[in-house]
$ cat structure_35.pdb   # PDB, C-alpha atoms, pLDDT in the B column
ATOM      1  CA  MET A   1     -59.511  58.820   7.418  1.00 40.00           C
ATOM      2  CA  GLY A   2     -57.116  56.732   5.373  1.00 41.00           C
ATOM      3  CA  GLN A   3     -58.069  53.140   4.859  1.00 40.00           C
ATOM      4  CA  LEU A   4     -61.725  53.438   5.871  1.00 40.00           C
ATOM      5  CA  ALA A   5     -62.403  56.367   3.526  1.00 41.00           C
ATOM      6  CA  ARG A   6     -61.347  54.357   0.477  1.00 41.00           C
ATOM      7  CA  ASN A   7     -63.912  51.692   1.287  1.00 43.00           C
ATOM      8  CA  SER A   8     -66.859  54.067   1.620  1.00 43.00           C
ATOM      9  CA  GLY A   9     -69.690  54.061  -0.849  1.00 42.00           C
ATOM     10  CA  PRO A  10     -73.419  53.643  -1.118  1.00 41.00           C
ATOM     11  CA  ALA A  11     -73.376  49.876  -1.683  1.00 41.00           C
ATOM     12  CA  LYS A  12     -71.564  48.765   1.455  1.00 44.00           C
ATOM     13  CA  LEU A  13     -71.153  45.061   2.168  1.00 43.00           C
ATOM     14  CA  PHE A  14     -70.638  43.662   5.644  1.00 47.00           C
ATOM     15  CA  ILE A  15     -67.646  41.541   6.510  1.00 48.00           C
ATOM     16  CA  SER A  16     -68.771  38.045   7.317  1.00 49.00           C
ATOM     17  CA  CYS A  17     -66.517  36.936  10.156  1.00 51.00           C
ATOM     18  CA  ASP A  18     -67.681  33.448  10.984  1.00 53.00           C
ATOM     19  CA  SER A  19     -64.764  32.477  13.165  1.00 52.00           C
ATOM     20  CA  LEU A  20     -63.228  34.142  16.178  1.00 54.00           C
ATOM     21  CA  ARG A  21     -59.831  34.091  14.444  1.00 54.00           C
ATOM     22  CA  GLN A  22     -61.155  36.173  11.546  1.00 56.00           C
ATOM     23  CA  MET A  23     -62.714  38.669  13.923  1.00 58.00           C
ATOM     24  CA  SER A  24     -59.499  38.872  15.903  1.00 58.00           C
ATOM     25  CA  ALA A  25     -57.647  39.803  12.720  1.00 59.00           C
ATOM     26  CA  VAL A  26     -60.136  42.587  11.976  1.00 57.00           C
ATOM     27  CA  VAL A  27     -60.404  43.987  15.486  1.00 56.00           C
ATOM     28  CA  GLY A  28     -56.790  43.361  16.492  1.00 61.00           C
ATOM     29  CA  ARG A  29     -57.551  41.737  19.862  1.00 57.00           C
ATOM     30  CA  ASP A  30     -58.673  38.312  20.913  1.00 55.00           C
ATOM     31  CA  PRO A  31     -62.496  38.608  21.147  1.00 48.00           C
ATOM     32  CA  VAL A  32     -62.679  35.836  23.733  1.00 47.00           C
ATOM     33  CA  ASP A  33     -60.877  38.189  26.136  1.00 53.00           C
ATOM     34  CA  GLN A  34     -63.278  41.045  25.500  1.00 77.00           C
ATOM     35  CA  GLN A  35     -66.997  41.292  25.893  1.00 92.00           C
ATOM     36  CA  PHE A  36     -67.414  44.727  24.275  1.00 94.00           C
ATOM     37  CA  MET A  37     -66.029  46.513  21.206  1.00 94.00           C
ATOM     38  CA  SER A  38     -65.501  50.237  20.876  1.00 94.00           C
ATOM     39  CA  VAL A  39     -67.258  52.189  18.129  1.00 95.00           C
ATOM     40  CA  LYS A  40     -64.046  52.177  16.077  1.00 96.00           C
ATOM     41  CA  GLU A  41     -63.600  48.411  16.477  1.00 95.00           C
ATOM     42  CA  THR A  42     -67.254  47.842  15.575  1.00 95.00           C
ATOM     43  CA  ALA A  43     -66.886  49.995  12.463  1.00 96.00           C
ATOM     44  CA  GLU A  44     -63.782  48.062  11.386  1.00 96.00           C
ATOM     45  CA  TYR A  45     -65.492  44.728  12.040  1.00 95.00           C
ATOM     46  CA  LEU A  46     -68.505  45.736   9.942  1.00 94.00           C
ATOM     47  CA  ASN A  47     -66.355  47.419   7.280  1.00 95.00           C
ATOM     48  CA  MET A  48     -68.254  50.656   7.839  1.00 95.00           C
ATOM     49  CA  LEU A  49     -67.238  54.180   8.754  1.00 96.00           C
ATOM     50  CA  VAL A  50     -67.300  55.367  12.374  1.00 96.00           C
ATOM     51  CA  PRO A  51     -69.950  58.056  11.636  1.00 96.00           C
ATOM     52  CA  TRP A  52     -72.232  55.317  10.261  1.00 95.00           C
ATOM     53  CA  VAL A  53     -71.946  53.424  13.543  1.00 95.00           C
ATOM     54  CA  TYR A  54     -72.887  56.520  15.559  1.00 93.00           C
ATOM     55  CA  ARG A  55     -75.705  57.535  13.203  1.00 94.00           C
ATOM     56  CA  GLU A  56     -77.214  54.291  11.892  1.00 92.00           C
ATOM     57  CA  ALA A  57     -76.241  51.312  14.053  1.00 91.00           C
ATOM     58  CA  ALA A  58     -79.088  51.653  16.562  1.00 89.00           C
ATOM     59  CA  ARG A  59     -81.562  52.213  13.735  1.00 93.00           C
ATOM     60  CA  ALA A  60     -80.232  49.099  11.985  1.00 92.00           C
ATOM     61  CA  GLY A  61     -80.769  46.991  15.109  1.00 93.00           C
ATOM     62  CA  LEU A  62     -77.378  47.094  16.856  1.00 93.00           C
ATOM     63  CA  VAL A  63     -77.829  48.001  20.508  1.00 90.00           C
ATOM     64  CA  PRO A  64     -75.153  50.351  21.883  1.00 92.00           C
ATOM     65  CA  TYR A  65     -74.131  50.361  25.541  1.00 93.00           C
ATOM     66  CA  ARG A  66     -73.091  53.647  27.140  1.00 92.00           C
ATOM     67  CA  PHE A  67     -70.325  53.591  29.722  1.00 91.00           C
ATOM     68  CA  GLY A  68     -69.969  56.856  31.620  1.00 92.00           C
ATOM     69  CA  TYR A  69     -71.839  60.145  31.347  1.00 90.00           C
ATOM     70  CA  GLY A  70     -71.420  63.436  29.540  1.00 88.00           C
ATOM     71  CA  PRO A  71     -68.561  64.097  27.159  1.00 86.00           C
ATOM     72  CA  ASN A  72     -66.506  61.253  28.662  1.00 89.00           C
ATOM     73  CA  GLY A  73     -69.228  58.657  28.049  1.00 90.00           C
ATOM     74  CA  LYS A  74     -68.261  55.927  25.603  1.00 92.00           C
ATOM     75  CA  LEU A  75     -70.494  53.836  23.376  1.00 92.00           C
ATOM     76  CA  GLN A  76     -69.587  50.192  23.034  1.00 94.00           C
ATOM     77  CA  PHE A  77     -71.194  47.171  21.424  1.00 95.00           C
ATOM     78  CA  LYS A  78     -71.410  43.655  22.818  1.00 95.00           C
ATOM     79  CA  VAL A  79     -69.315  41.302  20.657  1.00 94.00           C
ATOM     80  CA  SER A  80     -71.865  38.475  20.729  1.00 94.00           C
ATOM     81  CA  GLU A  81     -74.696  40.831  19.722  1.00 95.00           C
ATOM     82  CA  VAL A  82     -72.698  42.261  16.801  1.00 95.00           C
ATOM     83  CA  GLN A  83     -71.879  38.754  15.601  1.00 94.00           C
ATOM     84  CA  ALA A  84     -75.546  37.722  15.861  1.00 95.00           C
ATOM     85  CA  TRP A  85     -76.590  40.867  13.966  1.00 94.00           C
ATOM     86  CA  VAL A  86     -74.116  40.101  11.179  1.00 94.00           C
ATOM     87  CA  ARG A  87     -75.546  36.576  10.847  1.00 93.00           C
ATOM     88  CA  GLN A  88     -79.043  38.065  10.534  1.00 92.00           C
ATOM     89  CA  GLN A  89     -77.878  40.214   7.597  1.00 90.00           C
ATOM     90  CA  ARG A  90     -77.206  37.152   5.481  1.00 89.00           C
ATOM     91  CA  LEU A  91     -79.158  37.116   2.239  1.00 89.00           C
ATOM     92  CA  PRO A  92     -80.946  33.895   1.333  1.00 87.00           C
ATOM     93  CA  GLY A  93     -78.884  31.931  -1.136  1.00 83.00           C
ATOM     94  CA  PRO A  94     -79.745  29.414  -3.783  1.00 74.00           C
TER      95      PRO A  94
END
$ encode --input "structure_35.pdb" --output "structure tokens"
Amino acid sequence: MGQLARNSGPAKLFISCDSLRQMSAVVGRDPVDQQFMSVKETAEYLNMLVPWVYREAARAGLVPYRFGYGPNGKLQFKVSEVQAWVRQQRLPGP
């Protein structure tokens, strides 16, 4: 698990990527060229583990999209919806 395992813990904070350049650095691709992110990319963007995305993302309000059926089906998340969800997680400040 490497890098992601070191960041795991009960008090997880979300990465606040306000600009497309910051998100591109996290995901590794230019988000303007993509409309969807894989589960792994979504986990990296949110600074969460992949199992959390599979288990908790839908419960937390992130809507997954399934492409394909059966064991070859892939879950993906719409970039704009993930960004909007992250903005909604902002705590009110002073």
$ resolve_selection --input "structure_35.pdb" --expression "the PyMOL selection byres ((chain A and resi 37-43) around 7)" --output "number ranges by chain"
A: 27, 36, 44-50, 53, 75-79
$ atom_distance --input "structure_35.pdb" --atom1 "CA of Gly61 in chain A" --atom2 "CA of Val82 in chain A"
9.5 Å
$ atom_distance --input "structure_35.pdb" --atom1 "CA of Arg87 in chain A" --atom2 "CA of Gln35 in chain A"
17.9 Å
$ atom_distance --input "structure_35.pdb" --atom1 "CA of Ala58 in chain A" --atom2 "CA of Arg90 in chain A"
18.3 Å
$ closest_residue --input "structure_35.pdb" --among "A:Gln89, A:Pro51, A:Glu81, A:Gln34" --to "Val63 in chain A" --atoms "all atoms listed in the file"
A:Glu81
$ decode --input "structure_35.pdb" --residues "range 53-81 of chain A" --atoms "N, CA, C and O atoms" --output "compact mmCIF listing (two decimals), in the first residue's frame"
# COMPACT_ATOMS: atom_id res chain seq x y z
N VAL A 53 -13.11 4.56 -0.49
CA VAL A 53 -13.90 5.03 -1.64
C VAL A 53 -14.97 3.99 -2.00
O VAL A 53 -16.13 4.33 -2.19
N TYR A 54 -14.59 2.72 -2.05
CA TYR A 54 -15.56 1.67 -2.37
C TYR A 54 -16.64 1.56 -1.29
O TYR A 54 -17.81 1.40 -1.58
N ARG A 55 -16.25 1.65 -0.03
CA ARG A 55 -17.15 1.40 1.08
C ARG A 55 -17.99 2.61 1.48
O ARG A 55 -19.17 2.49 1.76
N GLU A 56 -17.38 3.80 1.51
CA GLU A 56 -18.02 4.95 2.14
C GLU A 56 -18.40 6.10 1.20
O GLU A 56 -19.18 6.96 1.59
N ALA A 57 -17.85 6.16 0.02
CA ALA A 57 -18.05 7.34 -0.83
C ALA A 57 -19.52 7.58 -1.13
O ALA A 57 -20.01 8.70 -1.00
N ALA A 58 -20.25 6.55 -1.52
CA ALA A 58 -21.67 6.72 -1.84
C ALA A 58 -22.45 7.15 -0.60
O ALA A 58 -23.33 8.00 -0.68
N ARG A 59 -22.10 6.58 0.54
CA ARG A 59 -22.76 6.96 1.79
C ARG A 59 -22.47 8.40 2.16
O ARG A 59 -23.28 9.08 2.77
N ALA A 60 -21.28 8.87 1.81
CA ALA A 60 -20.86 10.24 2.12
C ALA A 60 -21.44 11.26 1.14
O ALA A 60 -21.33 12.45 1.36
N GLY A 61 -22.03 10.79 0.04
CA GLY A 61 -22.65 11.71 -0.90
C GLY A 61 -21.99 11.78 -2.26
O GLY A 61 -22.43 12.52 -3.13
N LEU A 62 -20.92 11.02 -2.47
CA LEU A 62 -20.27 10.97 -3.79
C LEU A 62 -20.97 9.91 -4.63
O LEU A 62 -21.09 8.77 -4.22
N VAL A 63 -21.43 10.29 -5.81
CA VAL A 63 -22.17 9.38 -6.66
C VAL A 63 -21.23 8.66 -7.61
O VAL A 63 -20.59 9.30 -8.45
N PRO A 64 -21.12 7.32 -7.49
CA PRO A 64 -20.28 6.58 -8.44
C PRO A 64 -21.04 6.27 -9.73
O PRO A 64 -22.26 6.17 -9.73
N TYR A 65 -20.29 6.16 -10.81
CA TYR A 65 -20.84 5.74 -12.10
C TYR A 65 -20.21 4.40 -12.43
O TYR A 65 -19.01 4.22 -12.30
N ARG A 66 -21.04 3.44 -12.85
CA ARG A 66 -20.52 2.12 -13.21
C ARG A 66 -20.45 2.02 -14.73
O ARG A 66 -21.43 2.27 -15.42
N PHE A 67 -19.27 1.64 -15.21
CA PHE A 67 -19.05 1.42 -16.63
C PHE A 67 -18.76 -0.05 -16.83
O PHE A 67 -17.76 -0.56 -16.36
N GLY A 68 -19.63 -0.75 -17.52
CA GLY A 68 -19.48 -2.18 -17.74
C GLY A 68 -20.24 -2.98 -16.70
O GLY A 68 -20.77 -2.44 -15.73
N TYR A 69 -20.29 -4.29 -16.90
CA TYR A 69 -21.04 -5.18 -16.03
C TYR A 69 -20.15 -6.28 -15.51
O TYR A 69 -19.13 -6.61 -16.08
N GLY A 70 -20.59 -6.91 -14.42
CA GLY A 70 -19.89 -8.05 -13.87
C GLY A 70 -18.53 -7.69 -13.32
O GLY A 70 -18.28 -6.56 -12.91
N PRO A 71 -17.61 -8.66 -13.34
CA PRO A 71 -16.30 -8.44 -12.75
C PRO A 71 -15.45 -7.43 -13.52
O PRO A 71 -14.48 -6.89 -12.98
N ASN A 72 -15.82 -7.13 -14.76
CA ASN A 72 -15.07 -6.15 -15.54
C ASN A 72 -15.63 -4.74 -15.40
O ASN A 72 -15.08 -3.80 -15.96
N GLY A 73 -16.72 -4.58 -14.67
CA GLY A 73 -17.32 -3.26 -14.47
C GLY A 73 -16.41 -2.38 -13.64
O GLY A 73 -15.77 -2.83 -12.69
N LYS A 74 -16.33 -1.14 -13.99
CA LYS A 74 -15.46 -0.18 -13.29
C LYS A 74 -16.30 0.95 -12.71
O LYS A 74 -17.19 1.47 -13.37
N LEU A 75 -15.99 1.32 -11.47
CA LEU A 75 -16.61 2.50 -10.87
C LEU A 75 -15.74 3.69 -11.18
O LEU A 75 -14.51 3.62 -11.11
N GLN A 76 -16.38 4.79 -11.52
CA GLN A 76 -15.67 6.05 -11.73
C GLN A 76 -16.50 7.17 -11.15
O GLN A 76 -17.70 7.02 -10.90
N PHE A 77 -15.85 8.30 -10.91
CA PHE A 77 -16.51 9.45 -10.32
C PHE A 77 -16.31 10.64 -11.24
O PHE A 77 -15.22 10.86 -11.76
N LYS A 78 -17.36 11.43 -11.41
CA LYS A 78 -17.31 12.62 -12.25
C LYS A 78 -16.46 13.68 -11.54
O LYS A 78 -16.68 14.00 -10.38
N VAL A 79 -15.47 14.22 -12.25
CA VAL A 79 -14.53 15.18 -11.69
C VAL A 79 -15.27 16.37 -11.09
O VAL A 79 -15.01 16.78 -9.95
N SER A 80 -16.21 16.95 -11.83
CA SER A 80 -16.91 18.13 -11.35
C SER A 80 -17.72 17.84 -10.09
O SER A 80 -17.81 18.69 -9.19
N GLU A 81 -18.29 16.63 -9.98
CA GLU A 81 -19.06 16.27 -8.80
C GLU A 81 -18.16 16.07 -7.58
O GLU A 81 -18.52 16.43 -6.47
